[in-house]
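Everything on this sheet refers to the single structure shown next.
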Amino acid sequence: MSDTLTATAVLEEPGAAAEPIVNDLTIHVATVNGSGSQSSNSVLMRSIFQMGVPVSGKNMFPSNIAGLPTWFTIRANKDGWIARKKEVDLMVCMNAQTARDDVDHLLPGALCIYDAPLGCKSWRSDVHFFEVPFSKLAAELSTDSRLRKLLTNMIYVGVVAELIGIEREELVASITKQFKGKQKAIDPNVAAIDKGIEYAKANLAKQNRWRIARMNATAGKIIIDGNAAAAIGAMFGGVTVVTWYPITPSSSLCESLIEYCRRFRVEQDGRANFAIVQAEDELAAVGMVLGAGWAGARSMTSTAGPGVSLMAEFIGLGYYAELPGVIWDIQRVGPSTGLPTRTAQGDVNQVAYLSHGDTQHIVLIPSSVKECFEFASEALDLAEIFQTPIFCLSDLDLGMNNWMSEPFDYPTKPIRRGKVLSKEQLDELQGKWGRYNDVDGDGIPYRTLPGTDHPDAAYFTRGSGHDAFARYSERPEDYKGNLDRIARKFETAKQYVPKPVIDQRDTKIGLIAYGTTDFPIEEARHQLRNEAGVETSYFRLRALPLTSELEEFVAQHDRIYVVEQNQTGQMADILRLHLGEAQRKLRKILHYTGLPCDARSITEAVLKMEATAEYPEPLLLVRAEPPKKHAPAAAAAAVRAMED
Amino acid sequence: MADSTLKTTEAPKENRLGLKAADYSGGKSTLCAGCGHDAISNQIIRAFYEMSVKPETVAKFSGIGCSSKTPAYFLSRSHGFNAVHGRMPAIATGAMLANHKLMAIGVSGDGDTASIGLGQFMHMVRRNVPALYIIENNGVYGLTKGQFSATADEGSKLKTGVLNDLPPMDLCALAVELGCGYVARGFAGDPKQMVNILKGAIAHNGMAVIDVISPCVTFNNHEGSTKSYPYAKEHDELLHQIGFVQSYEQIEIEYDPGTVKEVTLHDGSRIILKKLEEDYDPTSVVDALQRLHRANASGQMLTGLVYLQPEKKSFMDLLNVVDEPLSSMTIERTRPSRETLDKIMNELM
């Protein structure tokens, strides 16, 4: 655990703290999955949001349906930092399997609400405990055992709210929203919250160290996960064919798309202007995407690393036969099955070069839910413009967790469908066109769609060697010419892909990151500036191919820290290949625990490496487990081992 | 060998679109002289020509293998797609999702369908994607020089003398089991039967699986092979004589009551089956499976229209998509309004 935190004072009486910390705390709720705690946690998070306090929520769940430990972390932060924070200020222990470990990991001075039978109080003297007999209270609410279990979780919402000052009226409003106005569900949940509030008022000591107080930083904002944002973006981007195979953490993208399209893309006669098909596997899913793209649809799929592995052969076909299609890769922890419900940025190499032979792909990397929305449509355009598979590289943290955002802007840019010859254009060409002929010098040839009513429209698509007129060919000059032309498309793509976002400061230190690493990076820069007086520039990469801005940024700094969430520094290595001599400036900061990267870890790593003139080895943010006072249960230890 | 067809109609010099047979031809075949696959390509050309299908409305698909090369040898005015090994169904399904007005014809082989592509084949059948799916079945991998495929018969011998000791897959039985609405078996050496089977498949709304025994003259036409021309001719067991009458033709076929079964297809055309076996009903799944198993058990090669269920809804019907191809949707039509986005955003606040 980090020892750099300030909250180390042991408070005998929590209420006695002089200055409360307002709107800056992390709540960590430990429950059992399948117990309905998700609704309770959503209500808690939303209530804070409705009080105007910036908030984020992260679900750390097992690859399981019921009975295994799950945690939900809510971070409220007045300054708008919504990355994960490692340190827990308020713990809610509801799970006997993990309680011991959950309590062990608290910093001195933290607050801990626990279910009475767990008896957490006797384990530590430097944590403030609040014992609540949840079962007893739930029994007073209902005789139905299933309902009691659900209401137990809503009782802790009331207890937490009373303890830190969340207003009851916002709890009620959140419950009403959560249960979509269904009074039958709302009433017992409000009763459960009241039960918690009453109990806390009558029986628990007051604390004044952490408070939530109304502010005005969330008005007009939305809360959404990245997968739903991408789904909405694709729907507004005119997607017509979606084929997919269920896999965590990507399933909710296509499921959201189904839900939204059923609401907003069914025409007046009841017929759909989209087709969404659940395929038999990822091979078929991507094959259908490419078949549909070939025939003129705006097509996409979503998957995760294991699915991308299966798609490799088809992606090579898409690259070489030049077929449009969009593949969302919501990264999870690999290799192999890995940790299916944890996050990583480990598929960078895979999507950058997927397939046998010489291939390089256009990759868009959103960092926020808003970019998920925007890139979903952008990717459909790029697929058709470049007639090639386009990857969108998201991850579990962005895709499945809840993020606060400005509302999305209605797209006003016309969509681009690329070079498709119409019947009339074919007439003008009088049969003189070659499917793979580079007439414009940008590497991008013209295509026709099957069904075009013209005798010259047809051509033969194949993954085997072909010449500029799509005829089978094994001639060396045809093969080389074709492959070189496709590489020219990649050059052309540099003018089309989203540019990096650069914050240039007067400093020798530069940071490079992409995707969800953006959230902790911005916070780490703030920490570095305010706590250590270290100024940094920041280059947020948003796409492959790399563009010339990269060289300029590297040239202007002496030391460049590439921060990413994988073991080997996959993106850093791609940058190194690209940079030539300047690559010696790059240093890797790597986070790969399965949990989202946090700001404090980055800050510490930068300071440590800055203190070392030569730092040839990457600094890994995984450190040895600290010695424990207690031997925790084996299962809990395994999960916790992924923590820092 | 008995005559497999009923005489129904004479082929004119031009079809109803004013196109000639040459307008349906393709590139020159690069397969071995005498290859069964070329005989099938010729019948595909004939069937599409005689059915007056506009070549521009057809999309050709294939996987990998000798058979999968053939779409380059017919209908050169149709778009073609030579996919990866065993994955033609996914490409064809995707293309049909994009444009359900296309007429899809897929050509595959026994290796492409029964081994590497078995999963995709089965799911394409299960979905009932409208397409002709032709398996040019010769029991060996030709392009890799003569290894056994999964349809090779037990006891069949390779040129090298190696005996196959695994049982064959019957792709017709598999297709029937999976609910395919049009299942037939043909023989490359019986073009008349094949052209009528193909015409029926073109008229059928849904997936049509046609397993054609198509001898490999180079690697599997020797003594000891059960997929050779001589063996197939000797063991061909006709289910019925098959005739096909187009929807616009006013032909009435005279027959004794009880000897002929007539089935009207989706487009109004008719399949006429003169029963050679009194008790066989091609619209019965049970009859079809029983008859296939009986033929296999006795070492016979059953040919004809094995199973027919023209009423079955196709995948495109089930998806309930708009009438125009999805590929032709404009953004004005597919992008919901500004108010819709506002509504969604409000729900998330």
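Here, A, B, ... name the chains of the structure tokens in the order displayed, residue numbers run from 1 inside each chain, and ligands are numbered from 1 in the same displayed order.
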Please report as an NGL selection string which residues of chain A come no farther than 8 Å from chain B, using only C-alpha atoms.
:A and (220-224 or 235-241 or 264-265 or 271-275 or 280 or 284-298 or 313-314 or 317 or 407-408 or 410 or 415 or 450-463)
Could you give me, as number ranges by chain, the residues within 9 Å of range 482-484 of chain A, counting only C-alpha atoms and dropping anything in the same chain fewer than 4 positions from it?
A: 320, 358, 436-437, 443, 465-468, 477-478, 488-489
Just the selected residues (C-alpha atoms), exported as a CSV table (one decimal), in the first residue's frame, please.
```csv
chain,number,residue,atom,x,y,z
A,320,TYR,CA,-6.2,-7.6,-48.5
A,358,ASP,CA,2.0,-7.8,-43.8
A,436,TYR,CA,-7.9,-2.3,-57.3
A,437,ASN,CA,-6.6,0.5,-59.6
A,443,GLY,CA,-4.1,4.3,-52.5
A,465,GLY,CA,-3.4,-12.7,-55.4
A,466,HIS,CA,-5.1,-10.3,-57.8
A,467,ASP,CA,-4.2,-7.6,-60.1
A,468,ALA,CA,-5.5,-4.0,-60.4
A,477,GLU,CA,4.7,-7.1,-59.7
A,478,ASP,CA,1.0,-7.5,-59.2
A,488,ARG,CA,-0.4,3.9,-49.2
A,489,LYS,CA,-3.9,3.9,-47.9
```
Close residues, Asn77 in chain A itself excluded, 12 Å, only C-alpha atoms, min 3 positions apart in chain, as a PyMOL selection string
chain A and resi 21-27+45+48-49+52-57+74+80-85+210-213+215+217-218+404+523
Would you mind exporting N, CA and C atoms of the selected residues as a short mmCIF file (atom, residue, chain, number, x, y, z; two decimals), in the first residue's frame?
```
data_model
loop_
_atom_site.label_atom_id
_atom_site.label_comp_id
_atom_site.auth_asym_id
_atom_site.auth_seq_id
_atom_site.Cartn_x
_atom_site.Cartn_y
_atom_site.Cartn_z
N ILE A 21 -13.45 16.94 5.38
CA ILE A 21 -13.10 16.88 3.95
C ILE A 21 -14.42 16.80 3.19
N VAL A 22 -14.69 17.84 2.43
CA VAL A 22 -15.99 17.92 1.76
C VAL A 22 -15.88 17.51 0.30
N ASN A 23 -16.79 16.64 -0.09
CA ASN A 23 -16.90 16.20 -1.49
C ASN A 23 -15.60 15.66 -2.07
N ASP A 24 -14.94 14.87 -1.28
CA ASP A 24 -13.74 14.21 -1.75
C ASP A 24 -13.57 12.90 -0.98
N LEU A 25 -14.28 11.88 -1.41
CA LEU A 25 -14.12 10.60 -0.73
C LEU A 25 -14.43 9.43 -1.65
N THR A 26 -13.91 8.28 -1.23
CA THR A 26 -14.16 7.05 -1.96
C THR A 26 -14.92 6.07 -1.07
N ILE A 27 -16.03 5.61 -1.59
CA ILE A 27 -16.84 4.63 -0.86
C ILE A 27 -16.63 3.27 -1.55
N MET A 45 -24.75 6.30 -5.93
CA MET A 45 -23.95 7.11 -6.85
C MET A 45 -24.78 8.25 -7.43
N ILE A 48 -25.49 11.23 -5.10
CA ILE A 48 -24.36 12.16 -4.98
C ILE A 48 -24.30 13.06 -6.23
N PHE A 49 -24.50 12.42 -7.38
CA PHE A 49 -24.53 13.15 -8.66
C PHE A 49 -25.61 14.23 -8.64
N GLY A 52 -25.08 17.47 -7.14
CA GLY A 52 -24.18 18.37 -7.88
C GLY A 52 -22.72 18.04 -7.71
N VAL A 53 -22.41 16.87 -7.14
CA VAL A 53 -21.01 16.52 -6.87
C VAL A 53 -20.51 15.56 -7.96
N PRO A 54 -19.40 15.89 -8.62
CA PRO A 54 -18.85 14.96 -9.62
C PRO A 54 -18.58 13.59 -9.01
N VAL A 55 -18.94 12.57 -9.75
CA VAL A 55 -18.87 11.23 -9.17
C VAL A 55 -18.58 10.21 -10.27
N SER A 56 -17.94 9.10 -9.92
CA SER A 56 -17.78 7.99 -10.86
C SER A 56 -18.01 6.69 -10.10
N GLY A 57 -18.38 5.67 -10.82
CA GLY A 57 -18.66 4.39 -10.18
C GLY A 57 -17.95 3.27 -10.91
N ILE A 74 -17.37 3.98 -5.36
CA ILE A 74 -17.90 5.27 -5.79
C ILE A 74 -16.89 6.33 -5.37
N GLY A 80 -13.57 17.12 -9.88
CA GLY A 80 -13.92 16.41 -11.10
C GLY A 80 -12.98 15.26 -11.46
N TRP A 81 -12.11 14.84 -10.52
CA TRP A 81 -11.25 13.68 -10.82
C TRP A 81 -12.11 12.42 -10.72
N ILE A 82 -12.18 11.72 -11.82
CA ILE A 82 -13.08 10.55 -11.79
C ILE A 82 -12.34 9.25 -12.09
N ALA A 83 -11.01 9.29 -12.02
CA ALA A 83 -10.25 8.04 -12.15
C ALA A 83 -10.42 7.21 -10.88
N ARG A 84 -9.97 5.99 -10.93
CA ARG A 84 -9.99 5.17 -9.74
C ARG A 84 -9.02 5.75 -8.72
N LYS A 85 -9.39 5.70 -7.44
CA LYS A 85 -8.47 6.05 -6.37
C LYS A 85 -8.29 4.80 -5.54
N TRP A 210 -15.54 13.12 6.69
CA TRP A 210 -15.90 13.19 5.27
C TRP A 210 -17.35 13.57 5.12
N ARG A 211 -17.60 14.55 4.33
CA ARG A 211 -18.98 14.99 4.12
C ARG A 211 -19.27 15.16 2.63
N ILE A 212 -20.52 14.91 2.28
CA ILE A 212 -21.00 15.27 0.95
C ILE A 212 -21.89 16.50 1.13
N ALA A 213 -21.60 17.54 0.41
CA ALA A 213 -22.40 18.75 0.52
C ALA A 213 -22.80 19.21 -0.88
N MET A 215 -23.31 20.94 -4.21
CA MET A 215 -22.60 21.91 -5.03
C MET A 215 -23.25 21.92 -6.42
N ALA A 217 -21.87 21.13 -9.78
CA ALA A 217 -20.92 20.76 -10.84
C ALA A 217 -21.44 19.66 -11.76
N THR A 218 -22.68 19.26 -11.60
CA THR A 218 -23.17 18.17 -12.45
C THR A 218 -24.43 18.54 -13.22
N MET A 404 -19.52 10.17 -15.82
CA MET A 404 -20.22 11.43 -15.96
C MET A 404 -19.72 12.11 -17.23
N GLU A 523 -5.17 13.65 -13.46
CA GLU A 523 -5.10 13.85 -12.02
C GLU A 523 -3.64 13.79 -11.53
#
```
I'd like to know which residues of range 311-462 of chain A are alpha helix (DSSP H) (by DSSP, run on the backbone); could you write them as JSON, numbers by chain?
{"A": [311, 312, 313, 314, 315, 316, 317, 318, 319, 320, 321, 348, 349, 350, 351, 352, 353, 369, 370, 371, 372, 373, 374, 375, 376, 377, 378, 379, 380, 381, 382, 383, 384, 385, 386, 396, 397, 398, 399, 400, 423, 424, 425, 426, 427, 428, 429]}
Saved selection, atoms kept: C-alpha atoms, as a PDB file, in the first residue's frame:
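Saved the output as out.pdb:
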```pdb
ATOM      1  CA  MET A 311     -11.200 -12.936 -36.096  1.00  0.00           C
ATOM      2  CA  ALA A 312      -7.582 -12.804 -37.216  1.00  0.00           C
ATOM      3  CA  GLU A 313      -8.011 -14.716 -40.489  1.00  0.00           C
ATOM      4  CA  PHE A 314     -11.021 -12.719 -41.624  1.00  0.00           C
ATOM      5  CA  ILE A 315      -9.358  -9.426 -40.715  1.00  0.00           C
ATOM      6  CA  GLY A 316      -6.498 -10.374 -43.041  1.00  0.00           C
ATOM      7  CA  LEU A 317      -9.054 -11.002 -45.785  1.00  0.00           C
ATOM      8  CA  GLY A 318     -10.714  -7.673 -45.030  1.00  0.00           C
ATOM      9  CA  TYR A 319      -7.365  -5.915 -45.274  1.00  0.00           C
ATOM     10  CA  TYR A 320      -6.223  -7.594 -48.480  1.00  0.00           C
ATOM     11  CA  ALA A 321      -9.546  -7.890 -50.329  1.00  0.00           C
ATOM     12  CA  VAL A 348      -2.796  -2.936 -28.746  1.00  0.00           C
ATOM     13  CA  ASN A 349      -0.306  -5.122 -30.597  1.00  0.00           C
ATOM     14  CA  GLN A 350      -2.990  -7.535 -31.647  1.00  0.00           C
ATOM     15  CA  VAL A 351      -5.293  -4.994 -33.289  1.00  0.00           C
ATOM     16  CA  ALA A 352      -2.441  -2.956 -34.750  1.00  0.00           C
ATOM     17  CA  TYR A 353      -1.132  -5.868 -36.826  1.00  0.00           C
ATOM     18  CA  VAL A 369     -17.884   8.071 -23.227  1.00  0.00           C
ATOM     19  CA  LYS A 370     -18.230  11.113 -25.451  1.00  0.00           C
ATOM     20  CA  GLU A 371     -15.474   9.851 -27.712  1.00  0.00           C
ATOM     21  CA  CYS A 372     -17.115   6.412 -27.745  1.00  0.00           C
ATOM     22  CA  PHE A 373     -20.201   8.141 -29.121  1.00  0.00           C
ATOM     23  CA  GLU A 374     -18.251  10.167 -31.691  1.00  0.00           C
ATOM     24  CA  PHE A 375     -15.808   7.474 -32.815  1.00  0.00           C
ATOM     25  CA  ALA A 376     -18.612   4.959 -33.369  1.00  0.00           C
ATOM     26  CA  SER A 377     -19.860   7.034 -36.255  1.00  0.00           C
ATOM     27  CA  GLU A 378     -16.375   8.121 -37.356  1.00  0.00           C
ATOM     28  CA  ALA A 379     -15.257   4.483 -37.584  1.00  0.00           C
ATOM     29  CA  LEU A 380     -18.165   3.619 -39.893  1.00  0.00           C
ATOM     30  CA  ASP A 381     -17.087   6.467 -42.169  1.00  0.00           C
ATOM     31  CA  LEU A 382     -13.421   5.462 -42.136  1.00  0.00           C
ATOM     32  CA  ALA A 383     -14.303   1.837 -42.889  1.00  0.00           C
ATOM     33  CA  GLU A 384     -16.124   2.900 -46.040  1.00  0.00           C
ATOM     34  CA  ILE A 385     -13.596   5.553 -47.027  1.00  0.00           C
ATOM     35  CA  PHE A 386     -10.623   3.192 -46.698  1.00  0.00           C
ATOM     36  CA  LEU A 396     -13.836  -2.780 -19.662  1.00  0.00           C
ATOM     37  CA  ASP A 397     -13.301   0.267 -17.468  1.00  0.00           C
ATOM     38  CA  LEU A 398     -14.606   2.634 -20.133  1.00  0.00           C
ATOM     39  CA  GLY A 399     -17.144   0.240 -21.617  1.00  0.00           C
ATOM     40  CA  MET A 400     -18.884  -1.107 -18.543  1.00  0.00           C
ATOM     41  CA  LYS A 423     -24.566   2.895 -62.614  1.00  0.00           C
ATOM     42  CA  GLU A 424     -24.216   6.325 -64.229  1.00  0.00           C
ATOM     43  CA  GLN A 425     -20.515   6.557 -63.449  1.00  0.00           C
ATOM     44  CA  LEU A 426     -20.028   3.103 -64.925  1.00  0.00           C
ATOM     45  CA  ASP A 427     -21.717   4.311 -68.095  1.00  0.00           C
ATOM     46  CA  GLU A 428     -19.241   7.164 -68.326  1.00  0.00           C
ATOM     47  CA  LEU A 429     -16.289   4.848 -67.743  1.00  0.00           C
TER      48      LEU A 429
END
```
Taking the DSSP secondary structure from the backbone, can you list the residues of range 96-135 of chain B that are strand (DSSP E or B), as number ranges by chain?
B: 103-109, 131-135
Exercise: range 243-248 of chain A partners within 6 Å, only C-alpha atoms, chain neighbours under 6 positions left out, as a ChimeraX atom specification
/A:276-279,281-282,285,301
Spatial neighbours of Val260 in chain B, max dist 8 Å, only C-alpha atoms, sep filter under 5 positions, as a ChimeraX atom specification:
/B:255,272-275
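Of the listed residues (A:Val43, A:Val132, A:Val534, A:Ala138), A:Val43 comes nearest to Ile175 in chain A; the distances count only C-alpha atoms.
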Have a look at A:Leu44, A:Ala231, A:Glu131, A:Ala192 and name the one nearest to Leu171 in chain A; count only C-alpha atoms.
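Looking only at the distances to Leu171 in chain A, the closest residue turns out to be A:Leu44.
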Write out as JSON, numbers by chain each polymer residue whose atoms come within 9 Å of range 240-252 of chain B, counting only C-alpha atoms; drop sequence neighbours fewer than 2 positions from it.
{"B": [2, 3, 4, 5, 6, 7, 8, 9, 51, 193, 196, 197, 199, 200, 203, 238, 254, 264, 265, 267, 268, 269, 270, 271, 272, 273, 274, 275, 276, 277, 303, 304, 305]}
Next, dump the selected residues to file, keeping only C-alpha atoms, as a PDB file, in the first residue's frame.
```pdb
ATOM      1  CA  ALA B   2     -32.955 -44.707 -65.805  1.00  0.00           C
ATOM      2  CA  ASP B   3     -33.945 -41.294 -67.161  1.00  0.00           C
ATOM      3  CA  SER B   4     -34.074 -38.908 -64.245  1.00  0.00           C
ATOM      4  CA  THR B   5     -36.131 -36.133 -65.786  1.00  0.00           C
ATOM      5  CA  LEU B   6     -39.553 -35.360 -67.164  1.00  0.00           C
ATOM      6  CA  LYS B   7     -39.597 -33.479 -70.418  1.00  0.00           C
ATOM      7  CA  THR B   8     -41.300 -30.166 -69.741  1.00  0.00           C
ATOM      8  CA  THR B   9     -40.039 -27.345 -71.891  1.00  0.00           C
ATOM      9  CA  MET B  51     -34.876 -19.047 -65.486  1.00  0.00           C
ATOM     10  CA  GLN B 193     -31.610 -33.957 -63.400  1.00  0.00           C
ATOM     11  CA  ASN B 196     -34.110 -29.107 -62.794  1.00  0.00           C
ATOM     12  CA  ILE B 197     -32.875 -29.387 -59.234  1.00  0.00           C
ATOM     13  CA  LYS B 199     -34.147 -24.364 -61.187  1.00  0.00           C
ATOM     14  CA  GLY B 200     -36.258 -25.480 -58.259  1.00  0.00           C
ATOM     15  CA  ALA B 203     -37.387 -20.565 -57.288  1.00  0.00           C
ATOM     16  CA  LEU B 238     -33.248 -42.311 -58.478  1.00  0.00           C
ATOM     17  CA  GLU B 254     -50.534 -35.608 -68.001  1.00  0.00           C
ATOM     18  CA  THR B 264     -45.754 -25.116 -56.108  1.00  0.00           C
ATOM     19  CA  LEU B 265     -42.772 -22.988 -55.147  1.00  0.00           C
ATOM     20  CA  ASP B 267     -42.474 -17.755 -57.199  1.00  0.00           C
ATOM     21  CA  GLY B 268     -45.372 -19.792 -58.572  1.00  0.00           C
ATOM     22  CA  SER B 269     -43.267 -22.246 -60.499  1.00  0.00           C
ATOM     23  CA  ARG B 270     -43.859 -25.936 -60.024  1.00  0.00           C
ATOM     24  CA  ILE B 271     -41.690 -28.926 -59.243  1.00  0.00           C
ATOM     25  CA  ILE B 272     -43.111 -32.142 -60.653  1.00  0.00           C
ATOM     26  CA  LEU B 273     -41.898 -35.397 -59.255  1.00  0.00           C
ATOM     27  CA  LYS B 274     -42.896 -38.633 -60.926  1.00  0.00           C
ATOM     28  CA  LYS B 275     -42.839 -41.151 -58.182  1.00  0.00           C
ATOM     29  CA  LEU B 276     -40.634 -44.100 -58.746  1.00  0.00           C
ATOM     30  CA  GLU B 277     -41.341 -45.170 -55.221  1.00  0.00           C
ATOM     31  CA  THR B 303     -30.340 -38.777 -56.016  1.00  0.00           C
ATOM     32  CA  GLY B 304     -33.264 -36.435 -56.555  1.00  0.00           C
ATOM     33  CA  LEU B 305     -35.180 -33.936 -54.491  1.00  0.00           C
TER      34      LEU B 305
END
```
What gap, in Å, lies between CA of Thr516 in chain A and CA of Tyr538 in chain A?
14.2 Å
Can you work out the spacing between CA of Leu528 in chain A and CA of Thr603 in chain A in Å, to one decimal?
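If I compute the distance from CA of Leu528 in chain A to CA of Thr603 in chain A, I get 6.1 Å.
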Which one is closest to Leu106 in chain A: A:Asp89, A:Asp225, A:Glu169, A:Glu564? Count only C-alpha atoms.
A:Asp89
So that I can see what lies close to Glu14 in chain B, please list as a list in words the residues with an atom at most 10 Å from it, counting only C-alpha atoms and leaving out residues fewer than 5 positions away in the same chain.
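Selected residues are Leu19, Lys20, Ala21, Ala22, Tyr49, Glu50 and Ser52 of chain B.
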Can you write out the residues you just picked, keeping N, CA and C atoms, as a PDB file, in the first residue's frame?
```
ATOM      1  N   LEU B  19     -31.532 -12.010 -73.038  1.00  0.00           N
ATOM      2  CA  LEU B  19     -30.115 -12.368 -72.896  1.00  0.00           C
ATOM      3  C   LEU B  19     -29.871 -13.748 -73.506  1.00  0.00           C
ATOM      4  N   LYS B  20     -28.634 -13.923 -73.959  1.00  0.00           N
ATOM      5  CA  LYS B  20     -28.250 -15.215 -74.530  1.00  0.00           C
ATOM      6  C   LYS B  20     -27.510 -16.027 -73.467  1.00  0.00           C
ATOM      7  N   ALA B  21     -27.392 -17.305 -73.744  1.00  0.00           N
ATOM      8  CA  ALA B  21     -26.687 -18.171 -72.788  1.00  0.00           C
ATOM      9  C   ALA B  21     -25.270 -17.650 -72.528  1.00  0.00           C
ATOM     10  N   ALA B  22     -24.662 -17.063 -73.571  1.00  0.00           N
ATOM     11  CA  ALA B  22     -23.297 -16.547 -73.418  1.00  0.00           C
ATOM     12  C   ALA B  22     -23.208 -15.431 -72.384  1.00  0.00           C
ATOM     13  N   TYR B  49     -29.795 -18.997 -66.919  1.00  0.00           N
ATOM     14  CA  TYR B  49     -30.221 -18.486 -68.235  1.00  0.00           C
ATOM     15  C   TYR B  49     -31.695 -18.835 -68.487  1.00  0.00           C
ATOM     16  N   GLU B  50     -32.021 -20.079 -68.332  1.00  0.00           N
ATOM     17  CA  GLU B  50     -33.394 -20.506 -68.644  1.00  0.00           C
ATOM     18  C   GLU B  50     -34.410 -19.928 -67.668  1.00  0.00           C
ATOM     19  N   SER B  52     -34.189 -16.990 -66.612  1.00  0.00           N
ATOM     20  CA  SER B  52     -34.160 -15.557 -66.883  1.00  0.00           C
ATOM     21  C   SER B  52     -33.836 -14.733 -65.634  1.00  0.00           C
TER      22      SER B  52
END
```
Report, in Å to a single decimal, how far apart CA of Ile135 in chain B and CA of Gln147 in chain B are.
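The value is 17.3 Å.
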